[in-house]
>>> print(open('work_2.csv').read())   # CSV, C-alpha atoms
chain,number,residue,atom,x,y,z
X,1,MET,CA,-8.9,10.1,0.9
X,2,SER,CA,-7.2,8.3,-1.9
X,3,ILE,CA,-3.9,8.0,0.0
X,4,GLU,CA,-3.4,8.4,3.7
X,5,ILE,CA,0.1,8.1,5.2
X,6,CYS,CA,0.2,7.7,9.0
X,7,ASN,CA,3.2,7.9,11.2
X,8,LEU,CA,5.5,6.5,8.6
X,9,SER,CA,9.1,6.0,9.4
X,10,PHE,CA,11.8,4.0,7.5
X,11,SER,CA,15.5,3.6,8.0
X,12,TYR,CA,18.5,2.1,6.2
X,13,GLY,CA,20.4,0.7,9.2
X,14,ALA,CA,21.3,3.7,11.3
X,15,LEU,CA,20.2,6.2,8.6
X,16,ASN,CA,16.7,7.5,9.1
X,17,ALA,CA,15.3,8.1,5.6
X,18,LEU,CA,11.8,9.0,6.7
X,19,GLN,CA,10.7,10.2,10.1
X,20,GLU,CA,7.0,10.2,11.3
X,21,ILE,CA,5.5,11.1,7.9
X,22,ASN,CA,1.8,12.1,8.0
X,23,LEU,CA,0.2,13.0,4.6
X,24,SER,CA,-3.2,12.9,2.9
X,25,LEU,CA,-3.6,13.5,-0.8
X,26,LYS,CA,-6.3,15.6,-2.2
X,27,ASP,CA,-8.6,13.5,-4.4
X,28,GLY,CA,-8.8,14.4,-8.0
X,29,ARG,CA,-5.9,16.9,-7.7
X,30,PHE,CA,-2.3,17.3,-8.8
X,31,ASN,CA,-0.5,16.9,-5.5
X,32,ALA,CA,3.2,18.0,-5.4
X,33,LEU,CA,5.9,16.5,-3.2
X,34,LEU,CA,8.7,18.9,-3.1
X,35,GLY,CA,12.2,18.1,-1.8
X,36,PRO,CA,15.8,18.1,-2.8
X,37,ASN,CA,17.7,14.9,-3.8
X,38,GLY,CA,18.1,12.8,-0.7
X,39,ALA,CA,15.0,14.2,1.0
X,40,GLY,CA,13.3,10.8,1.1
X,41,LYS,CA,11.0,11.1,-1.9
X,42,SER,CA,12.1,7.9,-3.6
X,43,THR,CA,12.0,5.9,-0.4
X,44,LEU,CA,8.4,7.1,0.1
X,45,PHE,CA,7.6,5.9,-3.4
X,46,ALA,CA,9.2,2.6,-2.8
X,47,LEU,CA,7.0,2.1,0.3
X,48,LEU,CA,3.9,3.3,-1.6
X,49,THR,CA,4.5,0.7,-4.3
X,50,ARG,CA,5.5,-2.1,-2.0
X,51,LEU,CA,9.1,-2.3,-3.3
X,52,TYR,CA,10.0,-1.9,0.4
X,53,ALA,CA,8.1,-3.4,3.3
X,54,LEU,CA,6.7,-1.1,6.0
X,55,GLN,CA,8.8,-0.8,9.1
X,56,SER,CA,6.7,1.6,11.1
X,57,GLY,CA,3.4,3.3,10.5
X,58,ASP,CA,0.7,2.6,7.9
X,59,ILE,CA,-0.3,3.5,4.3
X,60,ARG,CA,-3.9,3.4,3.3
X,61,ILE,CA,-4.9,3.6,-0.4
X,62,ALA,CA,-8.5,3.9,-1.3
X,63,GLY,CA,-9.4,2.8,2.2
X,64,HIS,CA,-7.3,-0.3,2.2
X,65,SER,CA,-4.2,-0.9,4.3
X,66,ILE,CA,-1.2,-1.5,1.9
X,67,ALA,CA,0.1,-4.2,4.3
X,68,GLN,CA,-3.2,-6.1,4.7
X,69,HIS,CA,-4.8,-5.7,1.2
X,70,PRO,CA,-1.9,-5.4,-1.3
X,71,ALA,CA,-3.8,-6.8,-4.3
X,72,GLN,CA,-6.7,-4.3,-4.0
X,73,VAL,CA,-4.2,-1.5,-3.5
X,74,MET,CA,-1.9,-2.1,-6.4
X,75,ARG,CA,-4.9,-2.2,-8.9
X,76,LYS,CA,-5.6,1.4,-8.0
X,77,LEU,CA,-2.1,2.6,-8.8
X,78,GLY,CA,-0.2,3.7,-11.9
X,79,VAL,CA,3.4,4.4,-11.3
X,80,VAL,CA,6.2,6.2,-13.2
X,81,PHE,CA,9.5,5.8,-11.5
X,82,GLN,CA,12.5,8.2,-11.9
X,83,GLN,CA,14.4,5.6,-13.9
X,84,SER,CA,12.7,4.3,-17.0
X,85,THR,CA,11.3,0.8,-16.8
X,86,LEU,CA,10.6,0.4,-20.6
X,87,ASP,CA,12.3,-2.4,-22.4
X,88,LEU,CA,14.4,-0.6,-25.0
X,89,ASP,CA,14.7,-3.6,-27.4
X,90,LEU,CA,10.9,-4.1,-27.6
X,91,THR,CA,8.6,-1.9,-29.7
X,92,VAL,CA,6.2,0.6,-28.1
X,93,ALA,CA,3.4,-1.9,-28.9
X,94,GLN,CA,5.1,-4.8,-27.2
X,95,ASN,CA,5.8,-2.8,-24.1
X,96,LEU,CA,2.2,-1.7,-23.8
X,97,TYR,CA,0.7,-5.1,-24.5
X,98,TYR,CA,3.0,-6.6,-21.9
X,99,HIS,CA,1.8,-4.2,-19.3
X,100,ALA,CA,-1.8,-4.7,-20.3
X,101,ALA,CA,-1.4,-8.5,-20.0
X,102,LEU,CA,0.0,-8.1,-16.5
X,103,HIS,CA,-3.3,-6.4,-15.5
X,104,GLY,CA,-5.4,-9.1,-17.1
X,105,LEU,CA,-6.3,-7.4,-20.3
X,106,SER,CA,-6.4,-9.3,-23.6
X,107,LYS,CA,-5.0,-7.8,-26.8
X,108,ARG,CA,-8.5,-7.2,-28.0
X,109,GLN,CA,-9.3,-5.2,-24.8
X,110,ALA,CA,-6.0,-3.4,-24.8
X,111,LEU,CA,-5.9,-2.3,-28.4
X,112,PRO,CA,-8.5,0.6,-28.1
X,113,ARG,CA,-6.9,1.8,-24.9
X,114,ILE,CA,-3.4,1.8,-26.4
X,115,THR,CA,-4.8,3.6,-29.5
X,116,ASP,CA,-6.4,6.2,-27.3
X,117,GLU,CA,-3.4,6.9,-25.1
X,118,LEU,CA,-0.9,7.1,-27.9
X,119,ALA,CA,-3.2,9.4,-29.8
X,120,ARG,CA,-3.3,11.6,-26.7
X,121,PHE,CA,0.5,12.0,-26.9
X,122,ASP,CA,0.7,12.2,-30.7
X,123,LEU,CA,2.6,8.9,-30.8
X,124,THR,CA,0.3,6.7,-32.9
X,125,GLU,CA,2.8,6.5,-35.7
X,126,ARG,CA,5.5,5.2,-33.3
X,127,LEU,CA,3.5,2.1,-32.3
X,128,HIS,CA,5.9,-0.3,-34.0
X,129,ASP,CA,9.1,1.5,-33.4
X,130,LYS,CA,11.6,0.2,-30.9
X,131,VAL,CA,11.7,2.2,-27.7
X,132,ARG,CA,15.4,2.6,-28.2
X,133,SER,CA,14.7,4.9,-31.2
X,134,LEU,CA,12.6,7.3,-29.2
X,135,ASN,CA,14.0,10.4,-27.5
X,136,GLY,CA,13.7,11.0,-23.8
X,137,GLY,CA,10.5,12.9,-23.9
X,138,HIS,CA,8.7,10.4,-26.1
X,139,ARG,CA,9.9,7.5,-23.9
X,140,ARG,CA,8.4,9.3,-20.9
X,141,ARG,CA,5.1,9.8,-22.7
X,142,VAL,CA,5.0,6.1,-23.5
X,143,GLU,CA,5.5,5.3,-19.9
X,144,ILE,CA,2.6,7.5,-18.9
X,145,ALA,CA,0.4,6.0,-21.6
X,146,ARG,CA,1.4,2.6,-20.3
X,147,VAL,CA,0.4,3.2,-16.7
X,148,LEU,CA,-3.0,4.5,-17.8
X,149,LEU,CA,-4.0,1.4,-19.7
X,150,HIS,CA,-5.5,-0.4,-16.6
X,151,LYS,CA,-7.4,2.8,-15.7
X,152,PRO,CA,-5.8,3.5,-12.3
X,153,ASP,CA,-7.4,6.0,-9.8
X,154,ILE,CA,-4.0,7.2,-8.6
X,155,LEU,CA,-0.9,8.2,-10.4
X,156,LEU,CA,2.5,8.2,-8.6
X,157,LEU,CA,5.3,10.0,-10.5
X,158,ASP,CA,8.7,10.1,-9.0
X,159,GLU,CA,10.8,12.9,-10.6
X,160,PRO,CA,9.2,12.1,-14.0
X,161,SER,CA,10.7,15.1,-15.8
X,162,VAL,CA,14.3,14.3,-14.9
X,163,GLY,CA,16.5,14.6,-18.1
X,164,LEU,CA,13.9,16.3,-20.2
X,165,ASP,CA,14.2,19.7,-21.8
X,166,PRO,CA,12.2,22.6,-20.3
X,167,ALA,CA,9.5,22.6,-23.1
X,168,THR,CA,9.0,18.8,-22.7
X,169,ARG,CA,8.9,19.1,-18.9
X,170,GLU,CA,6.2,21.7,-19.1
X,171,SER,CA,4.2,19.7,-21.6
X,172,LEU,CA,4.3,16.6,-19.5
X,173,ASN,CA,3.4,18.5,-16.3
X,174,GLN,CA,0.4,20.1,-18.0
X,175,HIS,CA,-0.7,16.8,-19.4
X,176,ILE,CA,-0.9,15.2,-15.9
X,177,ARG,CA,-2.8,18.2,-14.7
X,178,THR,CA,-5.3,17.8,-17.5
X,179,LEU,CA,-5.8,14.1,-16.6
X,180,CYS,CA,-6.6,15.1,-13.0
X,181,GLN,CA,-9.1,17.7,-14.3
X,182,THR,CA,-10.8,15.6,-17.0
X,183,GLN,CA,-10.6,12.0,-15.5
X,184,GLN,CA,-10.6,12.8,-11.8
X,185,LEU,CA,-7.3,11.1,-11.3
X,186,THR,CA,-5.3,11.8,-8.2
X,187,ALA,CA,-1.6,12.4,-8.9
X,188,LEU,CA,1.4,12.6,-6.6
X,189,TRP,CA,4.2,14.3,-8.5
X,190,ALA,CA,7.6,14.3,-6.7
X,191,THR,CA,10.0,16.9,-7.8
X,192,HIS,CA,12.9,19.1,-6.7
X,193,LEU,CA,12.0,21.7,-9.3
X,194,MET,CA,10.1,24.7,-8.0
X,195,GLU,CA,8.8,25.7,-11.4
X,196,GLU,CA,6.8,22.5,-11.7
X,197,ILE,CA,4.5,23.7,-8.8
X,198,GLN,CA,1.6,26.1,-9.3
X,199,HIS,CA,0.1,28.4,-6.6
X,200,ASP,CA,-3.1,26.4,-6.0
X,201,ASP,CA,-1.4,22.9,-5.9
X,202,PRO,CA,-1.5,21.0,-2.7
X,203,VAL,CA,2.2,20.7,-1.8
X,204,THR,CA,4.1,18.8,0.8
X,205,ILE,CA,7.7,19.9,1.5
X,206,LEU,CA,9.9,17.0,2.4
X,207,PHE,CA,13.4,17.7,3.8
X,208,ARG,CA,15.9,15.3,5.4
X,209,GLY,CA,13.1,12.7,5.8
X,210,ARG,CA,10.7,15.0,7.6
X,211,VAL,CA,7.5,16.9,6.4
X,212,LEU,CA,8.2,20.6,7.0
X,213,ALA,CA,4.8,21.9,5.7
X,214,SER,CA,1.7,20.7,3.8
X,215,ASP,CA,-1.0,22.9,2.3
X,216,THR,CA,-1.6,24.6,-1.0
X,217,ALA,CA,1.5,26.5,-2.2
X,218,GLU,CA,-0.5,29.8,-2.0
X,219,GLN,CA,-1.6,29.2,1.6
X,220,LEU,CA,1.9,28.2,2.7
X,221,CYS,CA,3.4,31.3,1.1
X,222,GLN,CA,0.9,33.5,2.9
X,223,GLN,CA,1.4,31.8,6.2
X,224,HIS,CA,5.2,32.3,6.0
X,225,GLN,CA,5.1,35.6,4.3
X,226,CYS,CA,7.0,34.4,1.3
X,227,ALA,CA,6.6,35.8,-2.2
X,228,ASP,CA,6.8,32.4,-4.0
X,229,ILE,CA,7.5,28.7,-3.5
X,230,SER,CA,11.3,29.1,-3.9
X,231,SER,CA,11.6,31.6,-1.1
X,232,LEU,CA,9.2,29.5,1.0
X,233,PHE,CA,11.5,26.5,0.5
X,234,ARG,CA,14.6,28.5,1.4
X,235,THR,CA,12.8,29.9,4.5
X,236,LEU,CA,11.7,26.5,5.8
X,237,THR,CA,14.9,24.7,5.2
X,238,GLY,CA,17.2,27.4,6.5
X,239,ALA,CA,18.9,27.8,3.1
X,240,ASN,CA,18.9,31.6,3.6
X,241,GLU,CA,21.1,31.3,6.6
>>> encode(input="work_2.csv", output="structure tokens")
Amino acid sequence: MSIEICNLSFSYGALNALQEINLSLKDGRFNALLGPNGAGKSTLFALLTRLYALQSGDIRIAGHSIAQHPAQVMRKLGVVFQQSTLDLDLTVAQNLYYHAALHGLSKRQALPRITDELARFDLTERLHDKVRSLNGGHRRRVEIARVLLHKPDILLLDEPSVGLDPATRESLNQHIRTLCQTQQLTALWATHLMEEIQHDDPVTILFRGRVLASDTAEQLCQQHQCADISSLFRTLTGANE
């Protein structure tokens, strides 16, 4: 498994943000993590990316414990956080070259990768524009192009479509799915939006720091006799009561 999470718990003082989380991602698939704001999704991402130290439990990425082999683990990951981490006063090229350098790529090595990724997003002509001049959808595309430069095996995306219009959200969602299919990337897409999940997606429902269910959306709906993911979520969380 690309990511295995075992008995993971985390608290902020007396507040239990995550409680006994167990989760395995399906390799080469678009894995969805569904939960409302405050469910613990961002805390989980902070632990996966080592922004927070483990308190209890373990995370293994590509067979390596995140606590024991952090360097090997981080090379495998590409991460898009909910809040943009682009430097608005640098150009698209400067942001991308900086990221490439952090991963040990020279400008000569980075240039064809940057060219390919920007072409994929129809952003080639924006290479020398400052990020500040881009709209929200284009900024998000630049972020995804950036995380692909070092050719990660796993993409972690924490609410990547927040603030985007519906058409851009759908386009971004589909692009990540295409990457999973064509490049065998494993993606973990965290969202609170039901429409971003398809029936055959492996999905984990996180609510108040606990995993309520984990399987394909279709299997979960069948198990709980629900017509769709929205009614499944309402059933499992008691929102119908």
>>> residues_around(input="work_2.csv", residues="stretch 156-161 of chain X", least_positions_apart="2", cutoff="6 Å", atoms="only C-alpha atoms", output="list of chain:residue names")
X:Val79, X:Val80, X:Phe81, X:Gln82, X:Leu164, X:Arg169, X:Ala187, X:Leu188, X:Trp189, X:Ala190, X:Thr191
>>> write_last_selection(input="work_2.csv", atoms="C-alpha atoms", output="PDB file, in the coordinates of the input")
ATOM      1  CA  VAL X  79       3.400   4.400 -11.300  1.00  0.00           C
ATOM      2  CA  VAL X  80       6.200   6.200 -13.200  1.00  0.00           C
ATOM      3  CA  PHE X  81       9.500   5.800 -11.500  1.00  0.00           C
ATOM      4  CA  GLN X  82      12.500   8.200 -11.900  1.00  0.00           C
ATOM      5  CA  LEU X 164      13.900  16.300 -20.200  1.00  0.00           C
ATOM      6  CA  ARG X 169       8.900  19.100 -18.900  1.00  0.00           C
ATOM      7  CA  ALA X 187      -1.600  12.400  -8.900  1.00  0.00           C
ATOM      8  CA  LEU X 188       1.400  12.600  -6.600  1.00  0.00           C
ATOM      9  CA  TRP X 189       4.200  14.300  -8.500  1.00  0.00           C
ATOM     10  CA  ALA X 190       7.600  14.300  -6.700  1.00  0.00           C
ATOM     11  CA  THR X 191      10.000  16.900  -7.800  1.00  0.00           C
TER      12      THR X 191
END
>>> atom_distance(input="work_2.csv", atom1="atom CA of X:Ser231", atom2="atom CA of X:Asp200")
16.3 Å
>>> residues_around(input="work_2.csv", residues="X:Arg208", least_positions_apart="3", cutoff="9 Å", atoms="all atoms listed in the file", output="list of chain:residue names")
X:Asn16, X:Ala17, X:Leu18, X:Gln19, X:Gly35, X:Pro36, X:Gly38, X:Ala39, X:Gly40, X:Val211
>>> closest_residue(input="work_2.csv", among="X:Leu118, X:Leu179, X:Met194, X:Ala46", to="X:Asp228", atoms="all atoms listed in the file")
X:Met194
>>> atom_distance(input="work_2.csv", atom1="atom CA of X:Arg234", atom2="atom CA of X:Asn31")
20.3 Å
>>> closest_residue(input="work_2.csv", among="X:Ser42, X:Asn37, X:Ser84, X:Gln109", to="X:Arg132", atoms="only C-alpha atoms")
X:Ser84
>>> closest_residue(input="work_2.csv", among="X:Ile144, X:Cys180, X:Ile5, X:Leu33", to="X:Glu20", atoms="only C-alpha atoms")
X:Ile5
>>> closest_residue(input="work_2.csv", among="X:Ser214, X:Asn22, X:Thr237, X:Ser106", to="X:His150", atoms="only C-alpha atoms")
X:Ser106
>>> closest_residue(input="work_2.csv", among="X:Ala93, X:Ala167, X:Leu148, X:Met74", to="X:Asp129", atoms="all atoms listed in the file")
X:Ala93
>>> build_atoms(input="work_2.csv", residues="stretch 130-166 of chain X", atoms="N, CA and C atoms", output="PDB file, in the frame of the given file")
ATOM      1  N   LYS X 130      10.940   0.589 -32.120  1.00  0.00           N
ATOM      2  CA  LYS X 130      11.600   0.200 -30.900  1.00  0.00           C
ATOM      3  C   LYS X 130      11.754   1.383 -29.952  1.00  0.00           C
ATOM      4  N   VAL X 131      11.579   1.150 -28.677  1.00  0.00           N
ATOM      5  CA  VAL X 131      11.700   2.200 -27.700  1.00  0.00           C
ATOM      6  C   VAL X 131      13.056   2.892 -27.770  1.00  0.00           C
ATOM      7  N   ARG X 132      14.070   2.097 -28.099  1.00  0.00           N
ATOM      8  CA  ARG X 132      15.400   2.600 -28.200  1.00  0.00           C
ATOM      9  C   ARG X 132      15.537   3.796 -29.165  1.00  0.00           C
ATOM     10  N   SER X 133      14.665   3.831 -30.162  1.00  0.00           N
ATOM     11  CA  SER X 133      14.700   4.900 -31.200  1.00  0.00           C
ATOM     12  C   SER X 133      14.039   6.169 -30.762  1.00  0.00           C
ATOM     13  N   LEU X 134      13.337   6.151 -29.631  1.00  0.00           N
ATOM     14  CA  LEU X 134      12.600   7.300 -29.200  1.00  0.00           C
ATOM     15  C   LEU X 134      13.517   8.236 -28.342  1.00  0.00           C
ATOM     16  N   ASN X 135      13.236   9.525 -28.379  1.00  0.00           N
ATOM     17  CA  ASN X 135      14.000  10.400 -27.500  1.00  0.00           C
ATOM     18  C   ASN X 135      13.413  10.367 -26.092  1.00  0.00           C
ATOM     19  N   GLY X 136      14.072  11.062 -25.168  1.00  0.00           N
ATOM     20  CA  GLY X 136      13.700  11.000 -23.800  1.00  0.00           C
ATOM     21  C   GLY X 136      12.263  11.389 -23.489  1.00  0.00           C
ATOM     22  N   GLY X 137      11.832  12.464 -24.137  1.00  0.00           N
ATOM     23  CA  GLY X 137      10.500  12.900 -23.900  1.00  0.00           C
ATOM     24  C   GLY X 137       9.429  11.945 -24.406  1.00  0.00           C
ATOM     25  N   HIS X 138       9.673  11.339 -25.570  1.00  0.00           N
ATOM     26  CA  HIS X 138       8.700  10.400 -26.100  1.00  0.00           C
ATOM     27  C   HIS X 138       8.704   9.091 -25.261  1.00  0.00           C
ATOM     28  N   ARG X 139       9.849   8.685 -24.765  1.00  0.00           N
ATOM     29  CA  ARG X 139       9.900   7.500 -23.900  1.00  0.00           C
ATOM     30  C   ARG X 139       9.041   7.747 -22.633  1.00  0.00           C
ATOM     31  N   ARG X 140       9.167   8.950 -22.062  1.00  0.00           N
ATOM     32  CA  ARG X 140       8.400   9.300 -20.900  1.00  0.00           C
ATOM     33  C   ARG X 140       6.910   9.274 -21.162  1.00  0.00           C
ATOM     34  N   ARG X 141       6.537   9.778 -22.320  1.00  0.00           N
ATOM     35  CA  ARG X 141       5.100   9.800 -22.700  1.00  0.00           C
ATOM     36  C   ARG X 141       4.600   8.351 -22.854  1.00  0.00           C
ATOM     37  N   VAL X 142       5.418   7.480 -23.416  1.00  0.00           N
ATOM     38  CA  VAL X 142       5.000   6.100 -23.500  1.00  0.00           C
ATOM     39  C   VAL X 142       4.803   5.465 -22.158  1.00  0.00           C
ATOM     40  N   GLU X 143       5.677   5.797 -21.218  1.00  0.00           N
ATOM     41  CA  GLU X 143       5.500   5.300 -19.900  1.00  0.00           C
ATOM     42  C   GLU X 143       4.207   5.718 -19.231  1.00  0.00           C
ATOM     43  N   ILE X 144       3.846   6.967 -19.443  1.00  0.00           N
ATOM     44  CA  ILE X 144       2.600   7.500 -18.900  1.00  0.00           C
ATOM     45  C   ILE X 144       1.394   6.837 -19.576  1.00  0.00           C
ATOM     46  N   ALA X 145       1.485   6.689 -20.906  1.00  0.00           N
ATOM     47  CA  ALA X 145       0.400   6.000 -21.600  1.00  0.00           C
ATOM     48  C   ALA X 145       0.270   4.568 -21.078  1.00  0.00           C
ATOM     49  N   ARG X 146       1.397   3.933 -20.791  1.00  0.00           N
ATOM     50  CA  ARG X 146       1.400   2.600 -20.300  1.00  0.00           C
ATOM     51  C   ARG X 146       0.648   2.461 -18.939  1.00  0.00           C
ATOM     52  N   VAL X 147       0.958   3.362 -18.014  1.00  0.00           N
ATOM     53  CA  VAL X 147       0.400   3.200 -16.700  1.00  0.00           C
ATOM     54  C   VAL X 147      -1.126   3.569 -16.685  1.00  0.00           C
ATOM     55  N   LEU X 148      -1.608   4.212 -17.753  1.00  0.00           N
ATOM     56  CA  LEU X 148      -3.000   4.500 -17.800  1.00  0.00           C
ATOM     57  C   LEU X 148      -3.881   3.430 -18.412  1.00  0.00           C
ATOM     58  N   LEU X 149      -3.243   2.397 -18.958  1.00  0.00           N
ATOM     59  CA  LEU X 149      -4.000   1.400 -19.700  1.00  0.00           C
ATOM     60  C   LEU X 149      -4.985   0.623 -18.767  1.00  0.00           C
ATOM     61  N   HIS X 150      -4.605   0.375 -17.509  1.00  0.00           N
ATOM     62  CA  HIS X 150      -5.500  -0.400 -16.600  1.00  0.00           C
ATOM     63  C   HIS X 150      -6.431   0.562 -15.825  1.00  0.00           C
ATOM     64  N   LYS X 151      -6.468   1.835 -16.246  1.00  0.00           N
ATOM     65  CA  LYS X 151      -7.400   2.800 -15.700  1.00  0.00           C
ATOM     66  C   LYS X 151      -7.215   2.969 -14.167  1.00  0.00           C
ATOM     67  N   PRO X 152      -6.046   3.353 -13.716  1.00  0.00           N
ATOM     68  CA  PRO X 152      -5.800   3.500 -12.300  1.00  0.00           C
ATOM     69  C   PRO X 152      -6.557   4.772 -11.761  1.00  0.00           C
ATOM     70  N   ASP X 153      -6.781   4.794 -10.466  1.00  0.00           N
ATOM     71  CA  ASP X 153      -7.400   6.000  -9.800  1.00  0.00           C
ATOM     72  C   ASP X 153      -6.311   6.957  -9.364  1.00  0.00           C
ATOM     73  N   ILE X 154      -5.092   6.438  -9.162  1.00  0.00           N
ATOM     74  CA  ILE X 154      -4.000   7.200  -8.600  1.00  0.00           C
ATOM     75  C   ILE X 154      -2.767   7.090  -9.403  1.00  0.00           C
ATOM     76  N   LEU X 155      -2.127   8.218  -9.720  1.00  0.00           N
ATOM     77  CA  LEU X 155      -0.900   8.200 -10.400  1.00  0.00           C
ATOM     78  C   LEU X 155       0.252   8.643  -9.470  1.00  0.00           C
ATOM     79  N   LEU X 156       1.305   7.854  -9.401  1.00  0.00           N
ATOM     80  CA  LEU X 156       2.500   8.200  -8.600  1.00  0.00           C
ATOM     81  C   LEU X 156       3.623   8.453  -9.596  1.00  0.00           C
ATOM     82  N   LEU X 157       4.211   9.631  -9.541  1.00  0.00           N
ATOM     83  CA  LEU X 157       5.300  10.000 -10.500  1.00  0.00           C
ATOM     84  C   LEU X 157       6.464  10.524  -9.735  1.00  0.00           C
ATOM     85  N   ASP X 158       7.546   9.756  -9.756  1.00  0.00           N
ATOM     86  CA  ASP X 158       8.700  10.100  -9.000  1.00  0.00           C
ATOM     87  C   ASP X 158       9.743  10.790  -9.917  1.00  0.00           C
ATOM     88  N   GLU X 159       9.846  12.104  -9.785  1.00  0.00           N
ATOM     89  CA  GLU X 159      10.800  12.900 -10.600  1.00  0.00           C
ATOM     90  C   GLU X 159      10.600  12.545 -12.098  1.00  0.00           C
ATOM     91  N   PRO X 160       9.380  12.585 -12.645  1.00  0.00           N
ATOM     92  CA  PRO X 160       9.200  12.100 -14.000  1.00  0.00           C
ATOM     93  C   PRO X 160       9.805  12.962 -15.093  1.00  0.00           C
ATOM     94  N   SER X 161      10.177  14.206 -14.753  1.00  0.00           N
ATOM     95  CA  SER X 161      10.700  15.100 -15.800  1.00  0.00           C
ATOM     96  C   SER X 161      12.239  15.154 -15.793  1.00  0.00           C
ATOM     97  N   VAL X 162      12.881  14.316 -14.978  1.00  0.00           N
ATOM     98  CA  VAL X 162      14.300  14.300 -14.900  1.00  0.00           C
ATOM     99  C   VAL X 162      14.912  13.993 -16.327  1.00  0.00           C
ATOM    100  N   GLY X 163      15.853  14.809 -16.781  1.00  0.00           N
ATOM    101  CA  GLY X 163      16.500  14.600 -18.100  1.00  0.00           C
ATOM    102  C   GLY X 163      15.775  15.130 -19.267  1.00  0.00           C
ATOM    103  N   LEU X 164      14.610  15.742 -19.049  1.00  0.00           N
ATOM    104  CA  LEU X 164      13.900  16.300 -20.200  1.00  0.00           C
ATOM    105  C   LEU X 164      14.163  17.779 -20.339  1.00  0.00           C
ATOM    106  N   ASP X 165      14.030  18.262 -21.573  1.00  0.00           N
ATOM    107  CA  ASP X 165      14.200  19.700 -21.800  1.00  0.00           C
ATOM    108  C   ASP X 165      13.076  20.477 -21.236  1.00  0.00           C
ATOM    109  N   PRO X 166      13.252  21.776 -21.004  1.00  0.00           N
ATOM    110  CA  PRO X 166      12.200  22.600 -20.300  1.00  0.00           C
ATOM    111  C   PRO X 166      10.844  22.515 -21.022  1.00  0.00           C
TER     112      PRO X 166
END
